[in-house]
Amino acid sequence: MLSIEDIQTIWLTIKLASLVTLLLLIIGTPVAWWLVRSRVWWKGLVASVVALPLVLPPSVLGFYLLLAMGPQGPLGKLTQATGLGSLPFTFWGLVLASVLYSLPFMVQPLHTAFEAIGERPLEVAATLRASPLDTFFSVVVPMSWPGFLTAAMLTFAHTVGEFGVVLMIGGNVPGQTRVASVQIYDHVEALEYSQAHTLAAVMLLFSFLVLLALHVWRTQPNRGY
Amino acid sequence: MLSIEDIQTIWLTIKLASLVTLLLLIIGTPVAWWLVRSRVWWKGLVASVVALPLVLPPSVLGFYLLLAMGPQGPLGKLTQATGLGSLPFTFWGLVLASVLYSLPFMVQPLHTAFEAIGERPLEVAATLRASPLDTFFSVVVPMSWPGFLTAAMLTFAHTVGEFGVVLMIGGNVPGQTRVASVQIYDHVEALEYSQAHTLAAVMLLFSFLVLLALHVWRTQPNRGY
Amino acid sequence: AEPFTVAIAANLKYVFDDLAAEFKQETGIEAQSVLNASGKIATQVRQGAPFDVFMSADMEFPEGLYKEGFAVTAPKPYAYGLLVLWSQTGADLSKGVAGLTDAAIGKVAIANPKLAPFGKQALKAMEFYKVKVALEPKLVYGESITQVSQYVDSKAVDVGFSAKSIVVAPETTGKGKWVAVPEESYEPIAQGVVILKHGIDNNADAARKFYGFVQSEKARAIFAKNGYKLP
Amino acid sequence: MCGARNQTGVTDMGMGEIQARFHLARPSFTLDVDLTLPGRGITVLFGPSGSGKTTLLRCIAGLEQPREGYLRFQGERWQEDAYCLPTHRRPIGYVFQEASLFPHLTVLENLRFGLRRNTQARPADLEAAIALLELTPLLGRNPANLSGGERQRVAMARALAVRPRLLLMDEPLAALDYARKQEILPYLERLHDNLDIPLLYVSHAHDEVARLADHIVMLQAGRVLAQGPLLETLAQLDTPIRLGEDSGVVLQAQVSELDQEWHLMRLAFDGGSVWTRQRDLPLGRQLRVHIQARDVSVAIRPQTDSSIQNQLQGVVDAMAIDTHPGVMLIRVKVGASVLIARLTKRSASTLGITVGQSVWLQVKSVALME
Amino acid sequence: MCGARNQTGVTDMGMGEIQARFHLARPSFTLDVDLTLPGRGITVLFGPSGSGKTTLLRCIAGLEQPREGYLRFQGERWQEDAYCLPTHRRPIGYVFQEASLFPHLTVLENLRFGLRRNTQARPADLEAAIALLELTPLLGRNPANLSGGERQRVAMARALAVRPRLLLMDEPLAALDYARKQEILPYLERLHDNLDIPLLYVSHAHDEVARLADHIVMLQAGRVLAQGPLLETLAQLDTPIRLGEDSGVVLQAQVSELDQEWHLMRLAFDGGSVWTRQRDLPLGRQLRVHIQARDVSVAIRPQTDSSIQNQLQGVVDAMAIDTHPGVMLIRVKVGASVLIARLTKRSASTLGITVGQSVWLQVKSVALME
Ligand SMILES: Nc1ncnc2c1ncn2[C@@H]1O[C@H](COP(=O)(O)OP(=O)(O)OP(=O)(O)O)[C@@H](O)[C@H]1O
Ligand SMILES: Nc1ncnc2c1ncn2[C@@H]1O[C@H](COP(=O)(O)OP(=O)(O)OP(=O)(O)O)[C@@H](O)[C@H]1O
Ligand code: MOO
Ligand SMILES: [Mg+2]
Ligand SMILES: [Mg+2]
């Protein structure tokens, strides 16, 4: 069965994945919208850079992030100067790293979804007095609902499963940065297979239920979308 | 600078990522289309299962895949019975594992893109004598082009960066399963940071160029899409 | 024929290059290495990995393989790993492990004691100096001894319990300071080697030669030069 | 859409007709029709907005899956019980109510889409459609860059180019201007004369109905209110079909005389003839003339010194109240033909018009339609 | 779309007019107009498909960014040089050529969208629009489940509900049937009588033009061919505006007598009067009558014993050839008013009609439009 420690890691995982998904919704949405609407020539560069974290092996990316977030790193100097303290080996360091690493999973599906809306609904909204910001929330967001769900699903699942970056940045500190993926890994490495299987099964089941709920919600016929 | 071994790993990575992307285009496309068009009640289950590999830590997923593909595993028994031989520690074993692991990156964006097309273009195509298969290739695929690009970008980048599953299933065999991400890991383990940095930089640059090319292609105004 | 393959624990990566060069000179046989964490290698061997010889970072994994019949020789230690304290942030290491409780010293990295023998021995040393409880809040855990080195290297921690083989490696010389952890406070980590069943079946000659070579004087000299204690 | 089951339509004894029976229930609307439509000529589906015209066309195209459906086209079984010939196997051309061009294809690619998939289709048909609908300057364009009328013209050409055996058109001319309609209508008429393709045509425009329809189906709230050949149906004074201001009759006529000096021609019908503006038509050419009730006035004596030159003598056959209580319609037999005139009740009373009375009908020549 | 710059329109000396000057170049089309439109009443934009009607409306709404643009609405600056008031700050109501409902909102939510965002708008306006356009049964529906005409009605109500100060409508009635048009047209007329909202209206339908337009703008290939008040423009025989079969004049008239027995009413205009079907209008009510040239016949003597009861005496003022060489139009002054009649040249010759001659015009009462 699950030990108290295991349950703690699950709780931490849910907290991390939810928080990262939420933060990425907040960060990724304007980025994706900007990528769709902007007419500057260098937006292709930005779009490509956004996807880049994906191509590095997680532990290597983790190492670079650690360099950046460490006391001598640019990010580390910044957080220390602003009184936020040191980020590595803390929960918030994990959050930041996961946000960077999962950014493309949020931005790419939103980009596609926003693009699919086209000009007309925006024009209609403008003739009905909606400001661009208002239009974004009352027209663009509801019309790209499936894109948001896809993005949130990918981000959430990826953050739950992420482990290379998390292990590197988090330092596997119990109750703070030891999330379920790290715990499962530890169990496997320690040849504690039955604990590993149980925890993996619980994570799978939990995630399956989350994904299923999102999916059912998405295809519900009378949602009006 | 890059050693010959490094270059070999880059070549292997490109081969693996391209092959996986190609295979997933072939596998993921009908899966996504089925998810959009099917009216069976259990399709939500399938959609959720497709995304599940994501939530397991890669090396743990690799562990389970290894158990399944090993001589005692169900998949291993099957491949051995059918004369395909043993998959773990071979290039094709890597391909299979990466395909399973990256499936959601292909299926989810395609799902969203297919959904956005709606009924009308399919109806129009039918009145113009296009069979459902024909319609799929002549209408659905070109109309969901941005979705395909997103899916291919995420899949390609993710396969390039993947490492936990690859190391477990592939076993780091030079020329066969030692891809660039594993090689970077090796360099880091050996504290050969400068080699690791160089290889990582080359991979980043290469991926950046691939992503940039895809992006430019996607937003090219006169492609007619 | 299949290439002769030696699966090596991650910490052996750069020693192995020297070993393989010497082995080639002696026997003319090319030894190719496959690097991974010891535990993962053990798992892969159980699933039919085409490895001929296994040089582990401990004795337990080869022991297990031998008992289950995946290895054909009883594990033999070829070298002992030694613990050091390593810092690149200018932390004061002069008071050794006991001095780590000093408030001026921040985070301390050790390898995960559950997984890595180096981590287990690091805890033992802390217990010896009776600072384990006091240090607990400062500890961060690396997946392996290499990750501990990365923590030190990135200066994200002040001090790490690393291996002597790492701090004497050419790649790290001149980076920060290190002090050895006195050997009375822990057990140097025995690293065992076994010939695998796949080796006997496919590359018996090379495997036996390599197995012998690892224990030869030439090999011992290479291990010694690279910061290992000899059996 | 009809499932893509792999059966093909079993051919029956050909009957040249379209037999359609559908029952399709929606939350707030039920289509329930049982129709036999002629296998040639133009059938106009007429009815108020929301009466089910589009839904009926979609059923015939196989785009809706009605709970009960039976459809036979010229003896071929298209739908019956569980069997349903998939849309892409039906030899139809469909113009949707909204142009529905493929956004990812240029105009030319849109036009070629169906052509490529149909061995029956000939490139010459497409060229003809392009010429007729003046699409040449638009061929390389993107559908998003077309005006509303341009889009609709492309959609029409696309449907015509597949050389269908049944044309289904949902208000294809609604977005077109008068002049363009005048160019396209004759083409549709010719299509129907030469090719023998039955055309089901949804329209609200009375001039289109009057001019094109051989057969008319009036829908209301998903049911057929009335149907029949246009000539009969329009001549029935008590028909529930009210073409608003455009009540009238359609007569089969023939060009019987040309007056080159005054650019006029005489059209003879069974029982009389009328003069109208000359068109580029040969002597002897058969055509239909539409005489609207509003253009016919009634006198009890021949009138002189008036610009109205077409006077026809006939006998009042029936009288009926029109949609407005101050106005009435009277039906007059002129030889074998029937005309309808509209006049105020006061005029009818003043003139003392009764059934059986002999009257003179004045038809303004210029009000005739060719 | 206009950039969302944060300036507001600077108010000028109010002039009650719309001054619009746009130059917009596209690969195969250039809009180049300089217009002054009246600040009240209905202006119909008329012109063939692709002539730039939609593009002009879009420029006025601020949805296009023309290279050169100048737009002043009732003295407010909407566009000038680099300045451009963003669309959402313009007090307009826009009905797009395609209904363009929000697919993610129900009908009611679509209707409320603009209402919620406009402090000027009052829920009562929305209720009135819902009642007029008979949308009550549709309120909970999804736009995808509406018929073409239903969609268009919802789009109209949505634009009306924001209580705009300028209404822009791009063929709003094209998908509607005759009966429904007859219900909506009077509402638009009333809107214009009571609310003083200028309405720019794109239409191909001649009855709509004739009935609604105070002012008409004729576009061709992106340029203004002709423009002016409807009455003047239609009475100019040499105008390039050819309303096809619907040439005619519009007269300002007044209900001057009611005949309850025969359900008729007399409409007096400056110079004469005509009888027409009674409507629910009080004595003294001002209204416009449209008299089409095709409904007017000419005689050189008063006619008797005919159902045509409206005879007006006048003097031939001008004569011109119509679109067809066999037909001509003559303009007749009846008191201070002017009427147009269409007749064949042969009739004109037979009757010996010349300018200055006194003639009797016969107008079929039922052909008048209210
Ligand atoms: N997908 C749908 N789901 C539910 N109801 C629908 C759907 N499509 C149409 N309806 C309803 O069915 C009725 C008939 O629609 P249909 O489109 O056939 O009308 P129509 O006669 O073509 O009207 P119009 O002239 O306005 O195009 C309407 O009341 C409409 O609201
Ligand atoms: N986005 C665009 N890009 C390029 N050309 C366009 C674009 N939109 C319209 N056009 C062209 O500009 C011309 C005018 O178009 P517009 O839509 O204003 O015509 P319209 O008068 O409204 O015609 P209709 O009655 O058919 O709707 C047309 O020739 C059209 O092809
Ligand atoms: O097997 Mo290791 O060298 O402790 O990572
Ligand atoms: Mg319809
Ligand atoms: Mg238009």
# chains A, B, ... in the order shown; residues from 1 in each chain; ligands from 1
>>> interface_residues(of="chain A", to="chain E", cutoff="7 Å", atoms="only C-alpha atoms", output="PDB file with N, CA and C atoms, in the first residue's frame")
ATOM      1  N   PRO A 121     -15.074  36.752 -36.331  1.00  0.00           N
ATOM      2  CA  PRO A 121     -15.654  36.949 -35.000  1.00  0.00           C
ATOM      3  C   PRO A 121     -15.078  38.171 -34.286  1.00  0.00           C
ATOM      4  N   GLU A 123     -14.109  40.925 -35.756  1.00  0.00           N
ATOM      5  CA  GLU A 123     -14.749  42.086 -36.368  1.00  0.00           C
ATOM      6  C   GLU A 123     -16.170  42.270 -35.837  1.00  0.00           C
ATOM      7  N   ALA A 126     -16.119  43.723 -32.471  1.00  0.00           N
ATOM      8  CA  ALA A 126     -15.789  45.154 -32.470  1.00  0.00           C
ATOM      9  C   ALA A 126     -17.012  45.987 -32.843  1.00  0.00           C
ATOM     10  N   THR A 127     -17.814  45.503 -33.795  1.00  0.00           N
ATOM     11  CA  THR A 127     -18.997  46.282 -34.170  1.00  0.00           C
ATOM     12  C   THR A 127     -20.025  46.260 -33.043  1.00  0.00           C
ATOM     13  N   LEU A 128     -19.871  45.349 -32.091  1.00  0.00           N
ATOM     14  CA  LEU A 128     -20.802  45.298 -30.956  1.00  0.00           C
ATOM     15  C   LEU A 128     -20.169  45.918 -29.715  1.00  0.00           C
ATOM     16  N   ARG A 129     -19.177  46.781 -29.945  1.00  0.00           N
ATOM     17  CA  ARG A 129     -18.591  47.607 -28.886  1.00  0.00           C
ATOM     18  C   ARG A 129     -17.607  46.889 -27.978  1.00  0.00           C
ATOM     19  N   ALA A 130     -17.212  45.671 -28.320  1.00  0.00           N
ATOM     20  CA  ALA A 130     -16.279  44.979 -27.437  1.00  0.00           C
ATOM     21  C   ALA A 130     -14.865  45.460 -27.741  1.00  0.00           C
ATOM     22  N   SER A 131     -14.149  45.871 -26.720  1.00  0.00           N
ATOM     23  CA  SER A 131     -12.757  46.281 -26.891  1.00  0.00           C
ATOM     24  C   SER A 131     -11.924  45.038 -27.193  1.00  0.00           C
ATOM     25  N   PRO A 142     -13.631  31.515 -25.341  1.00  0.00           N
ATOM     26  CA  PRO A 142     -14.630  30.439 -25.464  1.00  0.00           C
ATOM     27  C   PRO A 142     -14.569  29.715 -26.808  1.00  0.00           C
ATOM     28  N   MET A 143     -14.231  30.438 -27.873  1.00  0.00           N
ATOM     29  CA  MET A 143     -14.187  29.748 -29.167  1.00  0.00           C
ATOM     30  C   MET A 143     -12.992  28.804 -29.277  1.00  0.00           C
ATOM     31  N   GLY A 224     -22.744  24.210 -25.809  1.00  0.00           N
ATOM     32  CA  GLY A 224     -22.972  25.404 -26.604  1.00  0.00           C
ATOM     33  C   GLY A 224     -21.773  25.835 -27.419  1.00  0.00           C
ATOM     34  N   TYR A 225     -20.683  25.160 -27.317  1.00  0.00           N
ATOM     35  CA  TYR A 225     -19.515  25.537 -28.120  1.00  0.00           C
ATOM     36  C   TYR A 225     -19.485  24.733 -29.395  1.00  0.00           C
TER      37      TYR A 225
END
>>> interface_residues(of="chain E", to="chain D", cutoff="6 Å", atoms="only C-alpha atoms", output="number ranges by chain")
E: 48-50, 147, 149, 174, 177, 204, 262-263, 277, 297-300, 305-307, 326, 346-347
>>> write_last_selection(atoms="N, CA, C and O atoms", output="PDB file, in the first residue's frame")
ATOM      1  N   PRO E  48     -23.359  46.395 -59.039  1.00  0.00           N
ATOM      2  CA  PRO E  48     -23.219  44.969 -59.333  1.00  0.00           C
ATOM      3  C   PRO E  48     -22.314  44.261 -58.333  1.00  0.00           C
ATOM      4  O   PRO E  48     -21.602  44.889 -57.562  1.00  0.00           O
ATOM      5  N   SER E  49     -22.385  42.955 -58.371  1.00  0.00           N
ATOM      6  CA  SER E  49     -21.553  42.128 -57.505  1.00  0.00           C
ATOM      7  C   SER E  49     -20.080  42.475 -57.738  1.00  0.00           C
ATOM      8  O   SER E  49     -19.631  42.609 -58.867  1.00  0.00           O
ATOM      9  N   GLY E  50     -19.339  42.652 -56.663  1.00  0.00           N
ATOM     10  CA  GLY E  50     -17.915  42.954 -56.782  1.00  0.00           C
ATOM     11  C   GLY E  50     -17.621  44.421 -57.009  1.00  0.00           C
ATOM     12  O   GLY E  50     -16.481  44.795 -57.262  1.00  0.00           O
ATOM     13  N   SER E 147     -31.992  28.019 -39.578  1.00  0.00           N
ATOM     14  CA  SER E 147     -32.038  28.087 -41.040  1.00  0.00           C
ATOM     15  C   SER E 147     -31.374  29.388 -41.487  1.00  0.00           C
ATOM     16  O   SER E 147     -31.111  30.279 -40.680  1.00  0.00           O
ATOM     17  N   GLY E 149     -32.434  31.992 -43.165  1.00  0.00           N
ATOM     18  CA  GLY E 149     -33.197  33.202 -42.900  1.00  0.00           C
ATOM     19  C   GLY E 149     -33.244  33.518 -41.414  1.00  0.00           C
ATOM     20  O   GLY E 149     -33.195  34.680 -41.010  1.00  0.00           O
ATOM     21  N   ALA E 174     -31.679  39.541 -47.874  1.00  0.00           N
ATOM     22  CA  ALA E 174     -31.520  38.690 -49.055  1.00  0.00           C
ATOM     23  C   ALA E 174     -32.059  37.282 -48.836  1.00  0.00           C
ATOM     24  O   ALA E 174     -32.602  36.672 -49.748  1.00  0.00           O
ATOM     25  N   ASP E 177     -38.012  35.564 -47.033  1.00  0.00           N
ATOM     26  CA  ASP E 177     -39.104  35.389 -47.990  1.00  0.00           C
ATOM     27  C   ASP E 177     -39.940  36.657 -48.071  1.00  0.00           C
ATOM     28  O   ASP E 177     -39.837  37.558 -47.241  1.00  0.00           O
ATOM     29  N   HIS E 204     -29.678  44.513 -53.526  1.00  0.00           N
ATOM     30  CA  HIS E 204     -29.860  44.263 -54.953  1.00  0.00           C
ATOM     31  C   HIS E 204     -31.322  44.303 -55.329  1.00  0.00           C
ATOM     32  O   HIS E 204     -31.658  44.218 -56.495  1.00  0.00           O
ATOM     33  N   TRP E 262     -65.323  49.951 -49.775  1.00  0.00           N
ATOM     34  CA  TRP E 262     -64.509  49.196 -50.728  1.00  0.00           C
ATOM     35  C   TRP E 262     -63.065  48.989 -50.262  1.00  0.00           C
ATOM     36  O   TRP E 262     -62.231  48.536 -51.021  1.00  0.00           O
ATOM     37  N   HIS E 263     -62.828  49.331 -49.021  1.00  0.00           N
ATOM     38  CA  HIS E 263     -61.481  49.123 -48.458  1.00  0.00           C
ATOM     39  C   HIS E 263     -60.398  49.812 -49.285  1.00  0.00           C
ATOM     40  O   HIS E 263     -59.366  49.247 -49.571  1.00  0.00           O
ATOM     41  N   ARG E 277     -55.296  50.335 -52.218  1.00  0.00           N
ATOM     42  CA  ARG E 277     -55.829  49.484 -51.159  1.00  0.00           C
ATOM     43  C   ARG E 277     -55.674  50.159 -49.812  1.00  0.00           C
ATOM     44  O   ARG E 277     -54.639  50.751 -49.513  1.00  0.00           O
ATOM     45  N   SER E 297     -49.719  53.573 -67.883  1.00  0.00           N
ATOM     46  CA  SER E 297     -49.919  53.584 -69.332  1.00  0.00           C
ATOM     47  C   SER E 297     -50.420  54.963 -69.741  1.00  0.00           C
ATOM     48  O   SER E 297     -50.855  55.758 -68.905  1.00  0.00           O
ATOM     49  N   VAL E 298     -50.300  55.227 -71.015  1.00  0.00           N
ATOM     50  CA  VAL E 298     -50.544  56.581 -71.509  1.00  0.00           C
ATOM     51  C   VAL E 298     -51.699  56.539 -72.498  1.00  0.00           C
ATOM     52  O   VAL E 298     -51.792  55.613 -73.308  1.00  0.00           O
ATOM     53  N   ALA E 299     -52.566  57.519 -72.397  1.00  0.00           N
ATOM     54  CA  ALA E 299     -53.643  57.629 -73.391  1.00  0.00           C
ATOM     55  C   ALA E 299     -53.757  59.093 -73.768  1.00  0.00           C
ATOM     56  O   ALA E 299     -53.354  59.971 -73.011  1.00  0.00           O
ATOM     57  N   ILE E 300     -54.282  59.329 -74.972  1.00  0.00           N
ATOM     58  CA  ILE E 300     -54.410  60.732 -75.367  1.00  0.00           C
ATOM     59  C   ILE E 300     -55.826  61.241 -75.094  1.00  0.00           C
ATOM     60  O   ILE E 300     -56.154  62.379 -75.377  1.00  0.00           O
ATOM     61  N   ASP E 305     -64.856  52.614 -68.863  1.00  0.00           N
ATOM     62  CA  ASP E 305     -65.211  51.198 -68.835  1.00  0.00           C
ATOM     63  C   ASP E 305     -63.999  50.284 -68.650  1.00  0.00           C
ATOM     64  O   ASP E 305     -63.990  49.139 -69.102  1.00  0.00           O
ATOM     65  N   SER E 306     -63.005  50.792 -67.988  1.00  0.00           N
ATOM     66  CA  SER E 306     -61.830  49.957 -67.728  1.00  0.00           C
ATOM     67  C   SER E 306     -61.673  49.824 -66.222  1.00  0.00           C
ATOM     68  O   SER E 306     -62.154  50.669 -65.460  1.00  0.00           O
ATOM     69  N   SER E 307     -61.017  48.770 -65.794  1.00  0.00           N
ATOM     70  CA  SER E 307     -60.787  48.586 -64.356  1.00  0.00           C
ATOM     71  C   SER E 307     -59.738  49.562 -63.831  1.00  0.00           C
ATOM     72  O   SER E 307     -59.537  49.670 -62.633  1.00  0.00           O
ATOM     73  N   GLY E 326     -36.850  48.759 -78.378  1.00  0.00           N
ATOM     74  CA  GLY E 326     -38.274  48.786 -78.711  1.00  0.00           C
ATOM     75  C   GLY E 326     -39.105  49.538 -77.701  1.00  0.00           C
ATOM     76  O   GLY E 326     -40.310  49.723 -77.893  1.00  0.00           O
ATOM     77  N   ARG E 346     -43.553  51.804 -80.666  1.00  0.00           N
ATOM     78  CA  ARG E 346     -44.634  51.733 -81.638  1.00  0.00           C
ATOM     79  C   ARG E 346     -45.875  52.435 -81.102  1.00  0.00           C
ATOM     80  O   ARG E 346     -46.517  53.213 -81.814  1.00  0.00           O
ATOM     81  N   SER E 347     -46.191  52.199 -79.807  1.00  0.00           N
ATOM     82  CA  SER E 347     -47.347  52.887 -79.222  1.00  0.00           C
ATOM     83  C   SER E 347     -47.142  54.388 -79.245  1.00  0.00           C
ATOM     84  O   SER E 347     -48.047  55.150 -79.587  1.00  0.00           O
TER      85      SER E 347
END
>>> atom_distance(atom1="CA of Arg266 (chain D)", atom2="CA of Gly314 (chain D)")
18.7 Å
>>> closest_residue(among="A:Gln195, A:Leu24, A:Val216, A:Glu189", to="ligand 3", atoms="only C-alpha atoms and all ligand atoms")
A:Glu189
>>> closest_atom_pairs(of="chain C", to="chain B", cutoff="6 Å", atoms="only C-alpha atoms", output="JSON lines")
{"residue": "C:Lys13", "atom": "CA", "partner": "B:Ala190", "partner_atom": "CA", "distance": 5.4}
{"residue": "C:Tyr14", "atom": "CA", "partner": "B:Ala190", "partner_atom": "CA", "distance": 5.8}
{"residue": "C:Val34", "atom": "CA", "partner": "B:Asn172", "partner_atom": "CA", "distance": 5.5}
{"residue": "C:Gln47", "atom": "CA", "partner": "B:Gly70", "partner_atom": "CA", "distance": 5.0}
{"residue": "C:Thr146", "atom": "CA", "partner": "B:Glu189", "partner_atom": "CA", "distance": 5.7}
>>> residues_near_ligand(ligand="ligand 3", cutoff="10 Å", atoms="only C-alpha atoms and all ligand atoms", output="MDAnalysis selection string")
(chainID A and resid 189) or (chainID B and resid 189) or (chainID C and resid 8:13 35:42 55:58 61 111:113 115:119 142:147 163 191)
>>> write_last_selection(atoms="C-alpha atoms", output="mmCIF file, in the first residue's frame")
data_model
loop_
_atom_site.group_PDB
_atom_site.id
_atom_site.type_symbol
_atom_site.label_atom_id
_atom_site.label_comp_id
_atom_site.auth_asym_id
_atom_site.auth_seq_id
_atom_site.Cartn_x
_atom_site.Cartn_y
_atom_site.Cartn_z
ATOM 1 C CA GLU A 189 15.995 2.269 -8.361
ATOM 2 C CA GLU B 189 28.331 12.029 -16.190
ATOM 3 C CA ILE C 8 29.843 0.448 -16.654
ATOM 4 C CA ALA C 9 28.460 2.422 -13.744
ATOM 5 C CA ALA C 10 28.210 6.083 -14.501
ATOM 6 C CA ASN C 11 31.134 7.091 -12.308
ATOM 7 C CA LEU C 12 33.560 4.975 -14.348
ATOM 8 C CA LYS C 13 33.121 6.836 -17.602
ATOM 9 C CA LEU C 35 27.177 3.755 -19.486
ATOM 10 C CA ASN C 36 24.249 3.859 -17.093
ATOM 11 C CA ALA C 37 23.368 3.897 -13.446
ATOM 12 C CA SER C 38 24.248 0.563 -11.885
ATOM 13 C CA GLY C 39 20.684 -0.260 -10.958
ATOM 14 C CA LYS C 40 19.452 0.360 -14.464
ATOM 15 C CA ILE C 41 22.172 -1.803 -15.923
ATOM 16 C CA ALA C 42 21.120 -4.602 -13.590
ATOM 17 C CA MET C 55 31.469 -3.063 -13.701
ATOM 18 C CA SER C 56 29.146 -1.863 -10.988
ATOM 19 C CA ALA C 57 29.423 1.014 -8.550
ATOM 20 C CA ASP C 58 28.688 -1.328 -5.660
ATOM 21 C CA PHE C 61 23.734 -5.290 -7.938
ATOM 22 C CA ALA C 111 23.762 11.197 -3.325
ATOM 23 C CA ASN C 112 20.405 9.619 -2.563
ATOM 24 C CA PRO C 113 21.304 7.183 0.254
ATOM 25 C CA LEU C 115 19.981 4.429 -4.303
ATOM 26 C CA ALA C 116 23.645 5.256 -4.280
ATOM 27 C CA PRO C 117 26.266 3.657 -2.069
ATOM 28 C CA PHE C 118 28.074 6.993 -1.887
ATOM 29 C CA GLY C 119 25.016 8.539 -0.329
ATOM 30 C CA GLY C 142 21.265 13.935 -6.045
ATOM 31 C CA GLU C 143 20.183 10.986 -8.113
ATOM 32 C CA SER C 144 23.775 9.826 -8.268
ATOM 33 C CA ILE C 145 27.191 10.975 -7.276
ATOM 34 C CA THR C 146 27.465 12.739 -10.646
ATOM 35 C CA GLN C 147 24.420 14.845 -9.914
ATOM 36 C CA ALA C 163 33.922 10.909 -4.834
ATOM 37 C CA GLN C 191 32.819 -1.744 -6.604
#
>>> atom_distance(atom1="CA of Ile60 (chain E)", atom2="CA of Arg37 (chain A)")
22.8 Å
>>> select_by_dssp(residues="region 64-186 of chain C", states="alpha helix (DSSP H)", output="MDAnalysis selection string")
chainID C and resid 64:67 117:128 132:135 145:153 164:167
>>> residues_around(residues="Gly160 (chain C)", least_positions_apart="3", cutoff="9 Å", atoms="only C-alpha atoms", output="list in words")
Val84, Leu85, Trp86, Ser87, Lys107, Val108, Ala109, Ile110, Ala111, Val148, Ser149, Tyr151, Val152 and Val157 of chain C
>>> closest_residue(among="E:Asp280, E:Glu134, E:Glu64, E:Glu127", to="ligand 1", atoms="only C-alpha atoms and all ligand atoms")
E:Glu134
>>> residues_around(residues="Leu103 (chain A)", least_positions_apart="5", cutoff="10 Å", atoms="only C-alpha atoms", output="count of residues only")
18
>>> interface_residues(of="chain A", to="chain B", cutoff="6 Å", atoms="only C-alpha atoms", output="list in words")
Gly44, Ser48, Leu54, Val55, Leu56, Pro57, Pro109, Ala157, His158, Val160, Gly161, Glu162, Phe163, Ser181, Phe208, Leu211, Leu212 and His215 of chain A
>>> atom_distance(atom1="CA of Tyr228 (chain C)", atom2="CA of Glu183 (chain C)")
12.6 Å
>>> residues_around(residues="region 31-43 of chain D", least_positions_apart="5", cutoff="8 Å", atoms="only C-alpha atoms", output="MDAnalysis selection string")
chainID D and resid 16:25 52 55:56 73:74 192:193 196:201 212:217 221:224
>>> closest_residue(among="B:Val140, B:Ile26, B:Val179, B:Leu75", to="Leu94 (chain B)", atoms="only C-alpha atoms")
B:Val179
>>> residues_around(residues="Arg331 (chain D)", least_positions_apart="3", cutoff="10 Å", atoms="only C-alpha atoms", output="list in words")
Ala235, Gln236, Leu237, Gly248, Val249, Ala293, Gly314, Val315, Val316, Asp317, Ala318, Met319, Ala320, Val334, Val338, Leu339, Ile340, Ala341, Arg342 and Val355 of chain D
